[in-house]
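Report on the structure given below.
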There are 2 protein chains.
Amino acid sequence: MKTSRPIGIFDSGMGGLTVVKEITRILPQEDIVYFGDTARVPYGPKSEETVIRFSIENILFLLKYNVKLIVVACNTASSVALPTLKKHFKIPLLGVIEPGAEKAVGITKNRKVGVIGTKTTIKSGAYKRNIKENAADVNVYSASCPLFVPLVEEGWFNHPITKKIAYEYLDPLKAKGIDSVVLGCTHYPLLKPVIRQVLGKNVALIDSAKQVAQQSRLILEQNNLIRKRNKSQVAKVRFFVSDEPENFARQGSKFLGVPLHDVRKVSNV
Amino acid sequence: MKTSRPIGIFDSGMGGLTVVKEITRILPQEDIVYFGDTARVPYGPKSEETVIRFSIENILFLLKYNVKLIVVACNTASSVALPTLKKHFKIPLLGVIEPGAEKAVGITKNRKVGVIGTKTTIKSGAYKRNIKENAADVNVYSASCPLFVPLVEEGWFNHPITKKIAYEYLDPLKAKGIDSVVLGCTHYPLLKPVIRQVLGKNVALIDSAKQVAQQSRLILEQNNLIRKRNKSQVAKVRFFVSDEPENFARQGSKFLGVPLHDVRKVSNV
């Protein structure tokens with residue numbers, strides 16, 4: 001049946017699990033196939049051309065599972081590859097930029113929004129462009145935070161050094177008087193306590209995962225693709241990675257919030 | 001002519017340029033073909049199986065240039081892939097572990113040697129094994145320093161935060177009373193000033209690049225492959241990368257010590 005097909009989600013690594021978490025929360029009846037490209041992670045410092053090539057390979061992998069929607073849960077890929085991907089593929093594709101940008105526009109009161117992300121995400125200007133398209137009067141201040149991903153991967157979520165680095169990256173944004181900041185990388189929600197300490201409690205931290213889950217539901221509704229399932233059936237969430245399945249299962253539970261089983265190593269190329 | 005073939009060198013990124021620098025110094029007449037796998041960098045956090053696959057692809061790329069010797073200028077690949085590579089390929093292959101281990105054994109007076117590197121390098125135990133094979137009485141103390149590579153890539157060579165992180169990683173080694181430490185990653189020589197500050201002036205910092213260059217000369221001599229060239233001819237050094245050639249040229253000059261031209265983007269898969 002058309003509606004019983006799974007939702008496909010990919011990311012460069014495990015950050016996209018924050019999106020899985022929200023989708024399983026508001027669409028608990030849907031099966032999910034997740035692919036994390038852990039053999040080629042990170043995408044952040046790589047070129048547009050290369051990120052597009054990797055994204056296409058990830059999509060071709062997910063299409064083998066007959067998915068009905070693909071969520072590009074990687075900010076870098078959403079920033080630089082999504083327009084090309086939408087041109088090539090028929091399947092509905094949802095990135096994480098647009099939902100995050102919309103949420104920021106809805107939240108900001110003083111019309112000063114910060115955006116943080118990897119080098120490639122910030123350099124692409126995708127968030128700024130999207131926010132401006134939604135509300136031309138909003139001022140956008142951006143900062144790339146290249147050490148945040150390795151710090152999360154090192155597990156230094158609340159380490160004093162992480163706090164010092166956060167000050168270094170975020171002080172210039174704070175000085176601009178922003179009242180909200182888009183966490184433009186799926187790793188960053190794990191640094192929320194530190195980021196909140198640095199920016200203060202009056203700055204809203206925008207984590208697009210929830211918004212992405214809501215848009216996913218909307219797209220499925222619009223396409224009559226919502227799965228109907230009786231409550232006794234349990235949805236199937238499958239995880240595939242291109243490297244290090246054990247590490248993904250171990251570390252990934254921090255992103256997912258629950259233990260993670262059944263991670264399989266596959267080749268996507 | 002057999003001797004006029006170039007030397008091939010590969011690394012996951014640009015760290016191997018420290019090896020290029022030393023080889024051009026002591027073998028200035030030799031042509032070099034360098035490949036940096038910048039589309040899939042870093043290798044440090046990836047599995048043995050994946051690093052072996054990437055290394056084989058890099059070697060197959062270099063073999064197209066009819067190289068006479070291949071230097072595996074990446075510590076992670078040398079640690080986990082070299083035995084397999086030597087089994088498969090006929091061409092002489094030289095890694096960076098053995099030369100570094102030999103040098104450490106020659107330098108240490110109190111028989112207490114430190115080794116620092118990426119997670120995969122340290123986990124492999126390759127340095128420890130090599131040092132013990134050379135001198136069973138030497139005690140080896142290891143520490144992985146996962147944030148050093150991103151710090152170098154961020155350009156924070158002398159940043160106060162880099163110093164703090166260095167203390168965090170190196171204090172346990174210092175407490176063991178080591179008199180020398182192997183810089184088991186080609187990025188680390190760029191952090192020498194900070195590492196020296198933390199470990200003190202009495203700890204020798206062992207950078208295997210020089211030793212690798214000397215072994216390269218030895219292998220060429222033993223195989224009658226040293227190039228004879230008259231002084232008016234200039235050796236050709238060519239650089240290939242799988243991504244971001246401009247960035248490689250810009251950042252790479254820090255490793256090479258001279259400006260870097262003619263970097264070409266290619267696919268190695």
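We name chains A, B, ... following the order of the structure tokens; residues begin at 1 in each chain, and ligands are numbered from 1 as shown.
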Output, as an mmCIF file with C-alpha atoms, in the first residue's frame, the coordinates of chain A following least-squares superposition onto chain B across all in-order C-alpha pairs.
data_model
loop_
_atom_site.group_PDB
_atom_site.id
_atom_site.type_symbol
_atom_site.label_atom_id
_atom_site.label_comp_id
_atom_site.auth_asym_id
_atom_site.auth_seq_id
_atom_site.Cartn_x
_atom_site.Cartn_y
_atom_site.Cartn_z
ATOM 1 C CA MET A 1 63.600 5.165 -17.261
ATOM 2 C CA LYS A 2 62.901 3.280 -14.041
ATOM 3 C CA THR A 3 64.608 5.872 -11.848
ATOM 4 C CA SER A 4 62.766 8.847 -13.321
ATOM 5 C CA ARG A 5 59.389 7.675 -11.999
ATOM 6 C CA PRO A 6 57.874 9.852 -9.258
ATOM 7 C CA ILE A 7 57.438 9.078 -5.561
ATOM 8 C CA GLY A 8 53.759 8.746 -4.565
ATOM 9 C CA ILE A 9 52.547 10.082 -1.222
ATOM 10 C CA PHE A 10 49.043 10.016 0.191
ATOM 11 C CA ASP A 11 47.295 11.297 3.278
ATOM 12 C CA SER A 12 43.690 11.775 4.366
ATOM 13 C CA GLY A 13 44.207 15.504 3.910
ATOM 14 C CA MET A 14 47.038 17.996 4.023
ATOM 15 C CA GLY A 15 48.994 16.755 7.043
ATOM 16 C CA GLY A 16 51.172 14.626 4.755
ATOM 17 C CA LEU A 17 52.653 17.809 3.325
ATOM 18 C CA THR A 18 55.052 17.802 6.295
ATOM 19 C CA VAL A 19 56.441 14.604 4.743
ATOM 20 C CA VAL A 20 56.588 16.188 1.270
ATOM 21 C CA LYS A 21 58.599 19.027 2.779
ATOM 22 C CA GLU A 22 61.245 16.679 4.194
ATOM 23 C CA ILE A 23 61.421 14.470 1.104
ATOM 24 C CA THR A 24 61.957 17.449 -1.201
ATOM 25 C CA ARG A 25 64.694 18.599 1.182
ATOM 26 C CA ILE A 26 66.765 15.409 1.142
ATOM 27 C CA LEU A 27 65.705 14.092 -2.284
ATOM 28 C CA PRO A 28 65.376 17.334 -4.244
ATOM 29 C CA GLN A 29 65.851 15.605 -7.578
ATOM 30 C CA GLU A 30 62.770 13.365 -7.211
ATOM 31 C CA ASP A 31 59.384 14.086 -8.772
ATOM 32 C CA ILE A 32 56.456 13.691 -6.369
ATOM 33 C CA VAL A 33 52.758 12.955 -6.851
ATOM 34 C CA TYR A 34 50.733 13.778 -3.724
ATOM 35 C CA PHE A 35 47.145 12.748 -3.128
ATOM 36 C CA GLY A 36 45.058 14.190 -0.271
ATOM 37 C CA ASP A 37 41.661 12.534 0.273
ATOM 38 C CA THR A 38 39.997 15.770 1.380
ATOM 39 C CA ALA A 39 36.502 14.587 0.421
ATOM 40 C CA ARG A 40 36.643 11.867 3.092
ATOM 41 C CA VAL A 41 38.954 13.450 5.666
ATOM 42 C CA PRO A 42 39.387 12.706 8.569
ATOM 43 C CA TYR A 43 40.380 9.022 8.737
ATOM 44 C CA GLY A 44 41.065 9.175 12.498
ATOM 45 C CA PRO A 45 37.578 8.355 13.798
ATOM 46 C CA LYS A 46 36.783 5.725 11.132
ATOM 47 C CA SER A 47 36.959 1.942 11.235
ATOM 48 C CA GLU A 48 39.877 -0.195 10.193
ATOM 49 C CA GLU A 49 37.884 -1.728 7.351
ATOM 50 C CA THR A 50 36.942 1.670 5.944
ATOM 51 C CA VAL A 51 40.451 3.111 6.277
ATOM 52 C CA ILE A 52 41.803 0.049 4.415
ATOM 53 C CA ARG A 53 39.273 0.552 1.601
ATOM 54 C CA PHE A 54 40.096 4.262 1.280
ATOM 55 C CA SER A 55 43.856 3.506 1.319
ATOM 56 C CA ILE A 56 43.529 0.948 -1.468
ATOM 57 C CA GLU A 57 41.650 3.475 -3.585
ATOM 58 C CA ASN A 58 44.361 6.065 -2.946
ATOM 59 C CA ILE A 59 47.105 3.619 -3.937
ATOM 60 C CA LEU A 60 45.274 2.663 -7.148
ATOM 61 C CA PHE A 61 45.092 6.367 -7.972
ATOM 62 C CA LEU A 62 48.835 6.881 -7.406
ATOM 63 C CA LEU A 63 49.738 3.766 -9.405
ATOM 64 C CA LYS A 64 48.261 5.441 -12.499
ATOM 65 C CA TYR A 65 51.190 7.878 -12.278
ATOM 66 C CA ASN A 66 53.688 5.032 -12.453
ATOM 67 C CA VAL A 67 55.157 5.816 -9.033
ATOM 68 C CA LYS A 68 58.217 3.870 -7.801
ATOM 69 C CA LEU A 69 57.532 4.095 -4.049
ATOM 70 C CA ILE A 70 54.416 4.980 -2.074
ATOM 71 C CA VAL A 71 54.636 6.745 1.276
ATOM 72 C CA VAL A 72 51.561 6.343 3.451
ATOM 73 C CA ALA A 73 51.902 9.734 5.124
ATOM 74 C CA CYS A 74 48.798 9.273 7.277
ATOM 75 C CA ASN A 75 49.286 7.858 10.756
ATOM 76 C CA THR A 76 45.821 6.321 10.913
ATOM 77 C CA ALA A 77 46.252 4.540 7.570
ATOM 78 C CA SER A 78 49.793 3.469 8.506
ATOM 79 C CA SER A 79 48.506 2.089 11.820
ATOM 80 C CA VAL A 80 45.618 0.004 10.588
ATOM 81 C CA ALA A 81 46.020 -0.511 6.833
ATOM 82 C CA LEU A 82 49.722 -0.967 6.086
ATOM 83 C CA PRO A 83 49.989 -4.736 6.756
ATOM 84 C CA THR A 84 47.059 -5.414 4.398
ATOM 85 C CA LEU A 85 48.392 -2.999 1.777
ATOM 86 C CA LYS A 86 51.830 -4.659 1.856
ATOM 87 C CA LYS A 87 50.147 -8.027 1.360
ATOM 88 C CA HIS A 88 48.245 -6.842 -1.715
ATOM 89 C CA PHE A 89 50.625 -4.560 -3.584
ATOM 90 C CA LYS A 90 54.037 -5.217 -5.141
ATOM 91 C CA ILE A 91 55.225 -1.613 -5.015
ATOM 92 C CA PRO A 92 57.479 -0.653 -2.044
ATOM 93 C CA LEU A 93 55.290 0.897 0.662
ATOM 94 C CA LEU A 94 56.513 2.979 3.573
ATOM 95 C CA GLY A 95 54.368 4.066 6.510
ATOM 96 C CA VAL A 96 55.083 6.652 9.172
ATOM 97 C CA ILE A 97 54.818 4.444 12.286
ATOM 98 C CA GLU A 98 58.039 2.445 12.004
ATOM 99 C CA PRO A 99 60.320 5.462 11.401
ATOM 100 C CA GLY A 100 58.717 7.350 14.314
ATOM 101 C CA ALA A 101 58.993 4.359 16.630
ATOM 102 C CA GLU A 102 62.663 3.799 15.739
ATOM 103 C CA LYS A 103 63.478 7.426 16.353
ATOM 104 C CA ALA A 104 61.773 7.345 19.758
ATOM 105 C CA VAL A 105 63.793 4.302 20.825
ATOM 106 C CA GLY A 106 66.974 6.059 19.725
ATOM 107 C CA ILE A 107 66.204 9.254 21.606
ATOM 108 C CA THR A 108 64.754 8.196 24.968
ATOM 109 C CA LYS A 109 67.197 8.084 27.872
ATOM 110 C CA ASN A 110 64.865 7.208 30.754
ATOM 111 C CA ARG A 111 63.015 4.594 28.612
ATOM 112 C CA LYS A 112 59.668 6.344 29.054
ATOM 113 C CA VAL A 113 58.114 7.353 25.748
ATOM 114 C CA GLY A 114 54.786 9.066 25.136
ATOM 115 C CA VAL A 115 52.704 8.591 21.986
ATOM 116 C CA ILE A 116 49.878 10.903 20.929
ATOM 117 C CA GLY A 117 47.559 10.463 17.955
ATOM 118 C CA THR A 118 43.980 10.100 16.733
ATOM 119 C CA LYS A 119 41.573 7.665 18.364
ATOM 120 C CA THR A 120 42.098 4.989 15.714
ATOM 121 C CA THR A 121 45.897 5.313 15.745
ATOM 122 C CA ILE A 122 46.089 5.000 19.536
ATOM 123 C CA LYS A 123 43.479 2.234 19.688
ATOM 124 C CA SER A 124 45.445 0.225 17.088
ATOM 125 C CA GLY A 125 48.439 0.063 19.430
ATOM 126 C CA ALA A 126 50.717 0.216 16.367
ATOM 127 C CA TYR A 127 53.280 2.614 17.856
ATOM 128 C CA LYS A 128 53.457 0.712 21.139
ATOM 129 C CA ARG A 129 53.944 -2.579 19.278
ATOM 130 C CA ASN A 130 56.655 -1.114 17.033
ATOM 131 C CA ILE A 131 58.521 0.505 19.918
ATOM 132 C CA LYS A 132 58.390 -2.695 21.967
ATOM 133 C CA GLU A 133 59.710 -4.714 19.020
ATOM 134 C CA ASN A 134 62.688 -2.337 18.815
ATOM 135 C CA ALA A 135 63.304 -2.174 22.555
ATOM 136 C CA ALA A 136 61.295 -4.283 24.959
ATOM 137 C CA ASP A 137 62.529 -2.283 27.977
ATOM 138 C CA VAL A 138 60.896 0.974 26.869
ATOM 139 C CA ASN A 139 57.641 1.915 28.603
ATOM 140 C CA VAL A 140 55.065 3.437 26.278
ATOM 141 C CA TYR A 141 52.304 5.780 27.483
ATOM 142 C CA SER A 142 49.644 6.715 24.962
ATOM 143 C CA ALA A 143 46.962 9.392 24.711
ATOM 144 C CA SER A 144 44.465 10.139 21.959
ATOM 145 C CA CYS A 145 43.898 13.842 21.252
ATOM 146 C CA PRO A 146 40.797 13.976 19.013
ATOM 147 C CA LEU A 147 40.412 17.773 19.167
ATOM 148 C CA PHE A 148 43.940 18.554 17.947
ATOM 149 C CA VAL A 149 43.098 18.022 14.258
ATOM 150 C CA PRO A 150 40.006 20.287 14.280
ATOM 151 C CA LEU A 151 42.008 22.902 16.227
ATOM 152 C CA VAL A 152 44.741 22.883 13.580
ATOM 153 C CA GLU A 153 42.104 23.064 10.851
ATOM 154 C CA GLU A 154 40.518 26.023 12.660
ATOM 155 C CA GLY A 155 43.961 27.661 12.617
ATOM 156 C CA TRP A 156 44.093 28.012 16.425
ATOM 157 C CA PHE A 157 47.788 27.081 16.639
ATOM 158 C CA ASN A 158 48.601 29.328 19.579
ATOM 159 C CA HIS A 159 45.147 30.037 20.929
ATOM 160 C CA PRO A 160 44.738 29.985 24.730
ATOM 161 C CA ILE A 161 41.976 27.379 24.327
ATOM 162 C CA THR A 162 44.344 25.111 22.400
ATOM 163 C CA LYS A 163 46.742 25.352 25.325
ATOM 164 C CA LYS A 164 43.999 24.404 27.794
ATOM 165 C CA ILE A 165 43.009 21.405 25.693
ATOM 166 C CA ALA A 166 46.675 20.404 25.411
ATOM 167 C CA TYR A 167 46.944 20.441 29.224
ATOM 168 C CA GLU A 168 43.845 18.258 29.464
ATOM 169 C CA TYR A 169 45.255 15.681 27.034
ATOM 170 C CA LEU A 170 48.944 15.779 27.969
ATOM 171 C CA ASP A 171 49.020 16.184 31.757
ATOM 172 C CA PRO A 172 48.573 12.421 32.335
ATOM 173 C CA LEU A 173 51.573 11.722 30.059
ATOM 174 C CA LYS A 174 53.660 14.354 31.795
ATOM 175 C CA ALA A 175 52.825 12.773 35.150
ATOM 176 C CA LYS A 176 54.406 9.525 33.917
ATOM 177 C CA GLY A 177 57.768 11.281 33.540
ATOM 178 C CA ILE A 178 58.234 10.700 29.785
ATOM 179 C CA ASP A 179 61.357 12.249 28.225
ATOM 180 C CA SER A 180 60.106 12.093 24.629
ATOM 181 C CA VAL A 181 56.796 11.987 22.802
ATOM 182 C CA VAL A 182 55.946 10.788 19.304
ATOM 183 C CA LEU A 183 53.695 13.260 17.459
ATOM 184 C CA GLY A 184 51.689 10.417 15.915
ATOM 185 C CA CYS A 185 49.606 12.511 13.528
ATOM 186 C CA THR A 186 50.867 14.677 10.683
ATOM 187 C CA HIS A 187 48.766 17.625 11.914
ATOM 188 C CA TYR A 188 50.478 17.779 15.284
ATOM 189 C CA PRO A 189 53.821 19.357 14.268
ATOM 190 C CA LEU A 190 51.849 22.592 13.788
ATOM 191 C CA LEU A 191 51.042 22.514 17.519
ATOM 192 C CA LYS A 192 54.693 22.070 18.582
ATOM 193 C CA PRO A 193 54.951 25.420 20.430
ATOM 194 C CA VAL A 194 51.875 24.623 22.551
ATOM 195 C CA ILE A 195 52.864 21.007 23.161
ATOM 196 C CA ARG A 196 56.363 22.140 24.173
ATOM 197 C CA GLN A 197 54.867 24.656 26.620
ATOM 198 C CA VAL A 198 52.733 21.968 28.243
ATOM 199 C CA LEU A 199 55.318 19.166 28.390
ATOM 200 C CA GLY A 200 58.317 21.376 29.124
ATOM 201 C CA LYS A 201 61.578 21.825 27.255
ATOM 202 C CA ASN A 202 63.117 18.585 28.474
ATOM 203 C CA VAL A 203 60.659 16.399 26.583
ATOM 204 C CA ALA A 204 61.778 15.722 23.002
ATOM 205 C CA LEU A 205 59.026 16.095 20.387
ATOM 206 C CA ILE A 206 59.406 13.408 17.739
ATOM 207 C CA ASP A 207 58.062 14.353 14.351
ATOM 208 C CA SER A 208 58.515 11.363 12.075
ATOM 209 C CA ALA A 209 58.576 13.327 8.793
ATOM 210 C CA LYS A 210 62.395 13.623 8.730
ATOM 211 C CA GLN A 211 62.846 9.958 9.551
ATOM 212 C CA VAL A 212 60.339 9.006 6.848
ATOM 213 C CA ALA A 213 62.312 11.008 4.284
ATOM 214 C CA GLN A 214 65.537 9.232 5.284
ATOM 215 C CA GLN A 215 63.865 5.802 5.015
ATOM 216 C CA SER A 216 62.494 6.778 1.605
ATOM 217 C CA ARG A 217 66.010 7.508 0.408
ATOM 218 C CA LEU A 218 67.221 4.215 1.842
ATOM 219 C CA ILE A 219 64.492 2.215 0.075
ATOM 220 C CA LEU A 220 65.212 3.935 -3.236
ATOM 221 C CA GLU A 221 68.952 3.283 -2.834
ATOM 222 C CA GLN A 222 68.386 -0.373 -2.005
ATOM 223 C CA ASN A 223 66.219 -0.761 -5.111
ATOM 224 C CA ASN A 224 68.519 1.270 -7.391
ATOM 225 C CA LEU A 225 65.734 3.744 -7.923
ATOM 226 C CA ILE A 226 67.438 7.019 -6.979
ATOM 227 C CA ARG A 227 67.036 9.543 -9.738
ATOM 228 C CA LYS A 228 70.101 11.167 -11.231
ATOM 229 C CA ARG A 229 69.400 14.586 -12.581
ATOM 230 C CA ASN A 230 71.635 17.419 -13.602
ATOM 231 C CA LYS A 231 71.280 20.475 -11.462
ATOM 232 C CA SER A 232 69.609 22.668 -14.056
ATOM 233 C CA GLN A 233 66.509 20.433 -14.052
ATOM 234 C CA VAL A 234 63.802 21.164 -11.510
ATOM 235 C CA ALA A 235 61.813 18.343 -9.925
ATOM 236 C CA LYS A 236 58.053 18.322 -10.464
ATOM 237 C CA VAL A 237 55.774 18.134 -7.421
ATOM 238 C CA ARG A 238 52.112 17.617 -8.296
ATOM 239 C CA PHE A 239 49.212 17.836 -5.855
ATOM 240 C CA PHE A 240 45.844 16.124 -6.255
ATOM 241 C CA VAL A 241 42.918 16.225 -3.839
ATOM 242 C CA SER A 242 39.415 14.755 -3.840
ATOM 243 C CA ASP A 243 37.850 18.055 -2.700
ATOM 244 C CA GLU A 244 38.497 21.752 -2.061
ATOM 245 C CA PRO A 245 41.712 22.372 -4.050
ATOM 246 C CA GLU A 246 41.731 26.125 -3.265
ATOM 247 C CA ASN A 247 41.490 25.529 0.473
ATOM 248 C CA PHE A 248 44.234 22.886 0.213
ATOM 249 C CA ALA A 249 46.525 25.350 -1.571
ATOM 250 C CA ARG A 250 45.806 28.082 0.981
ATOM 251 C CA GLN A 251 46.067 26.030 4.183
ATOM 252 C CA GLY A 252 48.632 23.595 2.839
ATOM 253 C CA SER A 253 51.364 26.212 2.652
ATOM 254 C CA LYS A 254 51.402 26.187 6.494
ATOM 255 C CA PHE A 255 52.415 22.517 6.393
ATOM 256 C CA LEU A 256 54.737 22.804 3.424
ATOM 257 C CA GLY A 257 56.429 26.007 4.545
ATOM 258 C CA VAL A 258 56.317 27.464 1.021
ATOM 259 C CA PRO A 259 53.466 28.620 -1.221
ATOM 260 C CA LEU A 260 51.611 25.823 -2.922
ATOM 261 C CA HIS A 261 50.467 25.949 -6.530
ATOM 262 C CA ASP A 262 48.790 23.680 -9.044
ATOM 263 C CA VAL A 263 46.428 21.681 -6.862
ATOM 264 C CA ARG A 264 43.993 19.666 -8.961
ATOM 265 C CA LYS A 265 40.702 18.160 -7.891
ATOM 266 C CA VAL A 266 40.236 14.543 -8.996
ATOM 267 C CA SER A 267 38.138 11.520 -8.120
ATOM 268 C CA ASN A 268 39.999 8.559 -6.639
ATOM 269 C CA VAL A 269 36.997 6.203 -6.637
#
(request) From range 31-199 of chain B, collect each residue whose DSSP state is strand (DSSP E or B) and return the set as a count of residues only. (result) 27
(request) Give the helix (DSSP H, G or I) residues of range 10-167 of chain A, as DSSP finds them on the backbone, and put them as a VMD selection string. (result) chain A and resid 17 to 26 48 to 63 75 to 80 82 to 88 97 to 107 119 to 124 126 to 134 148 to 154 160 to 167
